[in-house]
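Structure record follows, encoded as structure tokens.
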Amino acid sequence: MNFLNLKKLSILILLYILGSNSYAGWLDLNMPKGVTDISNEVYGLHMLILYICIGIGVVVFGAMFWSIWAHRKSRGVTPATFHESTKLEFIWTIVPFAILIGMAVPATKTLIKMYDTSESEIHIKITGYQWLWQYEYLNTDVSFYSKLSTPYKEIYNQKEKNVNYLQEVDNQLVLPINKKIRFLLTSNDVLHAWWVPDLALKKDAIPGYINEMAVVIKEPGIYRGRCAELCGRHHGFMPIVIKAVEQNDYEKWLANGGKAESTDLASTQK
Amino acid sequence: MSTVVKDTHHEEHPSGIMRWITTTNHKDIGTLYLWFAMIMFFIGGLMALVIRSELFQPGLQFVDPQFFNSMTTMHALVMIFGVVMPAFTGLANWMIPIMIGGPDMALPRMNNYSFWIMPFAFSMLLSTLFMDGGAPAGGWTLYPPLSLQTGDAFPFLIFAIHFMGLSSIMGAINIVATILNMRAPGMTLMKMPLFVWTWLITAFLLIAVMPVLAGGVTMLLTDKFFGTSFFNAAGGGDPVMFQHIFWFFGHPEVYILILPSFGVVSAIIPTFARKPLFGYSSMVYATASIAFLSFIVWAHHMFTVGMPLAGEVFFMLATMLIAVPTGVKVFNWVTTMWRGAMTFETPMLFAIGFIIMFTIGGFSGLMLAITPADFQYHDTYFVVAHFHYVLVPGSIFAIMAACYFWLPKWTGNMYPETLGKIHFWLSTFFVNLTFFPMHFVGLAGMPRRIPDYSLQFADYNMIASIGAFGFGFAQLIFLYLIIKTIKGGKKATDEVWEGAEGLEWTLSSPPPYHSFNTPPVIK
């Protein structure tokens with residue numbers, strides 16, 4: 001820990017408070033905006049609530065600090081004796097209630113959109129195992145396992161860590177952009193949770209259950225996520241990597257049995 | 001209630017260790033609870049430092065991931081059941097009979113049992129660290145099927161939880177019986193100090209939900225050893241049902257951990273503002289509303305299990321509603337300070353620190369209630385930051401505030417004020433250094449309960465680890481200060497604080513062995 005990092009932190013906190021998102025450092029600190037319409041809405045909700053909270057905080061803490069400064073015994077003030085006001089109590093019950101309704105309406109709207117999995121064109125079944133993921137492209141022959149590819153030497157500090165340390169896998173989940181994709185989630189052993197922040201998707205994989213969620217990815221790219229539900233010893237070591245590609249690249253990949261990605265099913269099942 | 005014992009033979013008690021083993025005195029038992037919590041605080045704190053050491057840098061340096069999971073699990077169990085709950089029970093034991101003008105707790109022998117179960121429960125729990133298969137590592141939430149993978153430790157874990165529950169239920173029954181039966185004539189319910197009110201409500205929560213936890217963990221036990229399939233999908237059971245049962249206990253439990261803090265802060269703020277508490281009755285109603293709401297919001301811990309849309313919306317709205325009574329409390333405290341004549345002794349500093357940082361935890365709680373955004377926050381360090389803000393500078397700061405506030409009363413000696421202030425400022429600085437960066441790593445995508453992380457999270461984890469060690473060492477000041485104050489110091493007056501109101505300040509410092517042998521006159 002050096003001084004530089006502390007300085008960086010304080011600057012970043014300042015940027016966070018200022019709420020300016022034109023700075024690069026911003027992205028390291030905040031929820032990602034993501035690459036779907038819904039992830040952008042979720043980001044918007046997050047920022048809305050954050051600003052409301054900051055606003056309330058400024059008012060309440062402002063009043064408090066003013067009081068701490070002005071109403072000190074050392075300034076020779078005599079304490080007032082008031083201790084009740086039905087009017088005040090009424091106001092500060094009703095006003096927060098109204099603010100909450102203002103939050104609940106957009107939140108519910110977004111939630112309804114998130115729950116809409118109808119008219120999906122691609123269906124992928126995801127199964128959690130201790131400690132890897134299986135992806136099955138339904139109605140095709142493509143099915144593979146995806147597990148951490150970071151070498152043990154990096155984990156045990158015998159080798160320098162690469163930039164994608166603990167967020168790289170042997171077989172990436174290849175998905176097309178601008179298509180509605182439905183994921184079906186289950187687990188073969190304990191609970192897991194499949195989470196990719198850039199898609200604003202997180203859902204538990206539960207044995208005996210099939211959970212579903214849907215996504216339309218807007219931009220090609222590599223999106224990384226992690227298991228988010230404690231699943232035992234290697235819970236921290238079962239990442240998710242999505243490669244979002246153009247529709248025709250996806251079709252080529254699929255026609256090739258999902259093997260254009262140097263996928264070797266036999267070798268991944270070891 | 002009618003016989004008032006006039007002779008003084010009750011003042012006598014065995015000396016040495018037998019005094020503490022056989023005691024039925026509310027003050028002695030309160031002291032036992034508080035020291036027990038103190039010991040557990042350092043044990044749980046050491047576990048936290050193991051966690052923060054491993055997370056100081058990316059890569060695995062010190063412990064095996066399995067042991068890391070044991071540490072997160074045990075840290076939570078120890079801190080919740082071994083620190084915050086016993087500490088508040090200790091405060092209740094010490095203060096409630098005095099505050100209501102009674103001679104002692106209503107059920108003194110049961111009081112003794114409910115304390116002495118605790119050391120056995122925790123010996124059992126901590127002994128699992130040395131067992132085959134290691135200590136429980138499935139998280140304090142004990143979600144099956146993972147928790148069923150626990151080794152030899154499993155039955156010990158379950159029975160330890162049963163014992164803790166038994167102790168809590170007996171303690172809670174005792175507190176309810178005391179408050180409802182032992183009040184001095186004229187001490188009507190709406191004249192009781194808020195600490196008594198918050199504890200009355202907390203005690204009802206405990207009686208309501210501890211049996212639910214006991215039921216849930218018993219089903220885990222039979223699933224593991226007797227072939228039942230309550231939570232085993234392959235046998236027709238339902239792993240999600242455990243989560244519903246657990247959080248039906250777990251959410252009221254969260255308020256069990258915080259409501260007595262509200263009582264403590266409501267006693268301290270008016271004292272040092274030299275002005276009566278603003279909105280006493282609205283505080284009582286707000287506490288009761290929070291307690292009621294705590295029973296209908298449990299599934300907000302489970303937004304990602306795949307509940308139907310209607311369930312998600314209901315639990316989101318009900319959860320957001322809690323912000324209203326909680327807000328009322330904060331507004332009342334601020335208004336109590338408003339136009340007072342404040343001084344800032346250590347208890348006041350901790351109380352103000354509580355209000356500010358608990359409110360920050362409340363804000364992140366409100367953010368977590370928003371279901372679509374919760375999908376991004378759930379099970380990340382954002383959640384870790386949230387609940388540590390309400391529990392450490394929340395509950396723990398309130399407990400410390402209470403200790404500083406009443407220590408002169410308990411011991412008859414003033415604590416060293418400067419040292420207390422140093423303790424406060426160091427704790428506040430380091431608690432924020434530890435937990436504030438966790439908001440950022442959580443939002444940036446770091447899940448909780450992982451022993452190793454990718455490189456983008458490295459800076460903030462390092463800062464959090466430094467903060468954790470600083471906070472841990474700052475608590476040694478607290479320990480030293482308490483021992484020093486017990487041993488001696490400037491004599492405290494009966495009133496102790498200039499603006500003090502309430503029956504405890506009418507007794508001598510330290511108070512007599514039996515608080516009020518004849519009921520005090522209530523104005």
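Labels for the structure tokens follow display order: chains A, B, ..., residues from 1 in each chain, ligands from 1.
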Open item on the list: Please find the residues of chain B near chain A - the criterion being any atom within 6 Å, counting only C-alpha atoms - and write them as a PyMOL selection string.
Closed with: chain B and resi 59-60+65-66+145-146+233+275-276+278-279+304-306+334+338-343+363+372-373+375+379+440+443-444+447+450+454
Task: Long-range neighbours of B:Thr428 as a list in words, 10 Å cut-off, only C-alpha atoms, 5 positions minimum in chain - done: Leu349, Phe350, Gly353, Phe354, Met357, Val392, Pro393, Phe397, Ile422, His423, Leu433, Thr434, Phe471 and Ala474 of chain B
Please identify the strand (DSSP E or B) residues within stretch 106-260 of chain A (assignment by DSSP from backbone atoms) and present them as a PDB file with C-alpha atoms, in the first residue's frame.
```
ATOM      1  CA  ILE A 122     -32.124 -19.039 -28.557  1.00  0.00           C
ATOM      2  CA  HIS A 123     -32.392 -21.273 -25.526  1.00  0.00           C
ATOM      3  CA  ILE A 124     -29.373 -22.229 -23.479  1.00  0.00           C
ATOM      4  CA  LYS A 125     -29.401 -24.485 -20.456  1.00  0.00           C
ATOM      5  CA  ILE A 126     -26.819 -23.662 -17.818  1.00  0.00           C
ATOM      6  CA  THR A 127     -25.957 -26.220 -15.162  1.00  0.00           C
ATOM      7  CA  GLY A 128     -23.806 -25.415 -12.156  1.00  0.00           C
ATOM      8  CA  TYR A 129     -21.387 -27.984 -10.792  1.00  0.00           C
ATOM      9  CA  LEU A 132     -17.607 -25.382 -13.248  1.00  0.00           C
ATOM     10  CA  TRP A 133     -20.449 -24.508 -15.586  1.00  0.00           C
ATOM     11  CA  GLN A 134     -22.067 -26.568 -18.307  1.00  0.00           C
ATOM     12  CA  TYR A 135     -23.699 -24.858 -21.296  1.00  0.00           C
ATOM     13  CA  GLU A 136     -26.157 -26.731 -23.515  1.00  0.00           C
ATOM     14  CA  TYR A 137     -27.471 -24.993 -26.624  1.00  0.00           C
ATOM     15  CA  SER A 143     -22.860 -28.628 -25.329  1.00  0.00           C
ATOM     16  CA  PHE A 144     -19.712 -28.085 -23.328  1.00  0.00           C
ATOM     17  CA  TYR A 145     -18.214 -27.446 -19.926  1.00  0.00           C
ATOM     18  CA  SER A 146     -16.538 -24.209 -19.029  1.00  0.00           C
ATOM     19  CA  LEU A 148     -11.328 -21.727 -14.858  1.00  0.00           C
ATOM     20  CA  VAL A 169     -12.142 -19.961 -18.833  1.00  0.00           C
ATOM     21  CA  LEU A 173     -19.977 -19.040 -23.905  1.00  0.00           C
ATOM     22  CA  VAL A 174     -20.480 -17.749 -27.440  1.00  0.00           C
ATOM     23  CA  LEU A 175     -23.644 -15.706 -27.978  1.00  0.00           C
ATOM     24  CA  PRO A 176     -25.037 -13.662 -30.875  1.00  0.00           C
ATOM     25  CA  LYS A 180     -33.271 -12.595 -27.510  1.00  0.00           C
ATOM     26  CA  ILE A 181     -31.556 -15.382 -25.616  1.00  0.00           C
ATOM     27  CA  ARG A 182     -33.241 -17.343 -22.848  1.00  0.00           C
ATOM     28  CA  PHE A 183     -31.129 -19.015 -20.182  1.00  0.00           C
ATOM     29  CA  LEU A 184     -32.447 -21.960 -18.207  1.00  0.00           C
ATOM     30  CA  LEU A 185     -30.571 -22.411 -14.970  1.00  0.00           C
ATOM     31  CA  THR A 186     -30.207 -25.399 -12.749  1.00  0.00           C
ATOM     32  CA  SER A 187     -27.600 -27.104 -10.615  1.00  0.00           C
ATOM     33  CA  HIS A 192     -24.673 -21.608  -7.444  1.00  0.00           C
ATOM     34  CA  ALA A 193     -25.553 -18.246  -8.952  1.00  0.00           C
ATOM     35  CA  TRP A 194     -24.786 -17.195 -12.478  1.00  0.00           C
ATOM     36  CA  TRP A 195     -23.845 -13.552 -12.655  1.00  0.00           C
ATOM     37  CA  VAL A 196     -22.574 -11.355 -15.478  1.00  0.00           C
ATOM     38  CA  LEU A 201     -28.219 -10.881 -14.995  1.00  0.00           C
ATOM     39  CA  LYS A 202     -27.947 -12.821 -11.788  1.00  0.00           C
ATOM     40  CA  LYS A 203     -29.968 -15.848 -10.818  1.00  0.00           C
ATOM     41  CA  ASP A 204     -29.471 -18.831  -8.563  1.00  0.00           C
ATOM     42  CA  ALA A 205     -28.855 -22.276  -9.979  1.00  0.00           C
ATOM     43  CA  ASN A 211     -34.913 -20.774 -13.337  1.00  0.00           C
ATOM     44  CA  GLU A 212     -35.109 -18.668 -16.431  1.00  0.00           C
ATOM     45  CA  MET A 213     -33.957 -15.268 -17.567  1.00  0.00           C
ATOM     46  CA  ALA A 214     -33.619 -13.540 -20.904  1.00  0.00           C
ATOM     47  CA  VAL A 215     -31.212 -11.078 -22.463  1.00  0.00           C
ATOM     48  CA  VAL A 216     -30.596  -9.174 -25.687  1.00  0.00           C
ATOM     49  CA  GLY A 221     -17.372  -8.142 -26.881  1.00  0.00           C
ATOM     50  CA  ILE A 222     -16.083 -10.266 -24.037  1.00  0.00           C
ATOM     51  CA  TYR A 223     -18.127 -10.089 -20.826  1.00  0.00           C
ATOM     52  CA  ARG A 224     -16.885 -11.628 -17.625  1.00  0.00           C
ATOM     53  CA  GLY A 225     -18.821 -12.778 -14.607  1.00  0.00           C
ATOM     54  CA  ARG A 226     -18.600 -15.041 -11.594  1.00  0.00           C
ATOM     55  CA  CYS A 227     -20.456 -17.519  -9.440  1.00  0.00           C
ATOM     56  CA  ILE A 240     -18.092 -17.037 -16.538  1.00  0.00           C
ATOM     57  CA  VAL A 241     -16.835 -15.628 -19.828  1.00  0.00           C
ATOM     58  CA  ILE A 242     -19.186 -14.643 -22.617  1.00  0.00           C
ATOM     59  CA  LYS A 243     -18.076 -13.881 -26.125  1.00  0.00           C
ATOM     60  CA  ALA A 244     -20.782 -11.893 -27.894  1.00  0.00           C
ATOM     61  CA  VAL A 245     -20.401 -11.987 -31.680  1.00  0.00           C
TER      62      VAL A 245
END
```
- [ ] May I have the residues within 9 Å of B:Trp247 as a ChimeraX atom specification, using only C-alpha atoms and disregarding those fewer than 5 positions away in the same chain?
- [x] /B:141,213,242,252-253,297-302
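Restricting the calculation to only C-alpha atoms, the smallest distance between A:Val58 and any of B:Asn232, B:Gln149, B:Ser282, B:Thr359 is found for B:Thr359.
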Open item on the list: I'd like the interatomic distance between atom CA of B:Trp116 and atom CA of B:Ala291, to a tenth of an Å.
Closed with: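 Going from atom CA of B:Trp116 over to atom CA of B:Ala291 covers 28.3 Å.
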Task: Shortest interatomic distance to B:Ile169 - which of B:Asn25, B:Ser147, B:Ser123, B:Ser114, counting only C-alpha atoms - done: B:Ser114
Close residues, B:Leu220 itself excluded, 9 Å, only C-alpha atoms, min 2 positions apart in chain, as a JSON list (two decimals) with C-alpha atoms, in the first residue's frame:
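around-v1.json, freshly written:
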```json
[["chain", "number", "residue", "atom", "x", "y", "z"],
["B", 142, "LEU", "CA", -26.49, -22.73, 6.44],
["B", 144, "PRO", "CA", -28.49, -26.72, 1.99],
["B", 147, "SER", "CA", -24.25, -27.02, 4.56],
["B", 148, "LEU", "CA", -24.98, -30.75, 4.41],
["B", 158, "ILE", "CA", -26.75, -27.66, 14.96],
["B", 215, "GLY", "CA", -37.09, -25.97, 13.43],
["B", 216, "GLY", "CA", -35.13, -25.20, 10.29],
["B", 217, "VAL", "CA", -31.81, -26.49, 11.59],
["B", 218, "THR", "CA", -33.48, -29.59, 13.04],
["B", 222, "THR", "CA", -32.63, -35.07, 10.04],
["B", 223, "ASP", "CA", -31.85, -34.58, 6.35],
["B", 224, "LYS", "CA", -28.22, -35.29, 7.10],
["B", 225, "PHE", "CA", -28.53, -38.18, 9.53],
["B", 228, "THR", "CA", -35.42, -37.24, 5.47],
["B", 229, "SER", "CA", -35.63, -35.05, 2.38],
["B", 230, "PHE", "CA", -37.01, -31.75, 3.60],
["B", 231, "PHE", "CA", -34.53, -29.81, 1.52],
["B", 242, "PHE", "CA", -34.91, -23.74, 3.81]]
```
Close residues, B:Asn432 itself excluded, 10 Å, only C-alpha atoms, min 2 positions apart in chain, as an mmCIF file with C-alpha atoms, in the first residue's frame:
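Okay, out33.cif is ready:
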```cif
data_model
loop_
_atom_site.group_PDB
_atom_site.id
_atom_site.type_symbol
_atom_site.label_atom_id
_atom_site.label_comp_id
_atom_site.auth_asym_id
_atom_site.auth_seq_id
_atom_site.Cartn_x
_atom_site.Cartn_y
_atom_site.Cartn_z
ATOM 1 C CA MET B 357 -23.088 5.491 9.839
ATOM 2 C CA ALA B 385 -20.523 -3.159 3.124
ATOM 3 C CA TYR B 389 -22.323 -0.509 8.263
ATOM 4 C CA PRO B 393 -20.774 1.349 13.403
ATOM 5 C CA SER B 427 -12.586 3.210 15.498
ATOM 6 C CA THR B 428 -14.502 5.597 13.274
ATOM 7 C CA PHE B 429 -11.591 6.231 10.946
ATOM 8 C CA PHE B 430 -10.719 2.570 10.552
ATOM 9 C CA THR B 434 -12.510 -1.002 6.092
ATOM 10 C CA PHE B 435 -16.067 -0.934 4.884
ATOM 11 C CA PHE B 436 -16.470 2.069 2.587
ATOM 12 C CA PRO B 437 -14.248 0.676 -0.208
ATOM 13 C CA MET B 438 -16.318 -2.513 -0.075
ATOM 14 C CA ALA B 464 -10.035 -2.577 3.546
ATOM 15 C CA GLY B 467 -8.610 -0.640 7.937
ATOM 16 C CA ALA B 468 -9.596 -3.961 9.504
ATOM 17 C CA PHE B 471 -9.988 -1.268 13.786
#
```
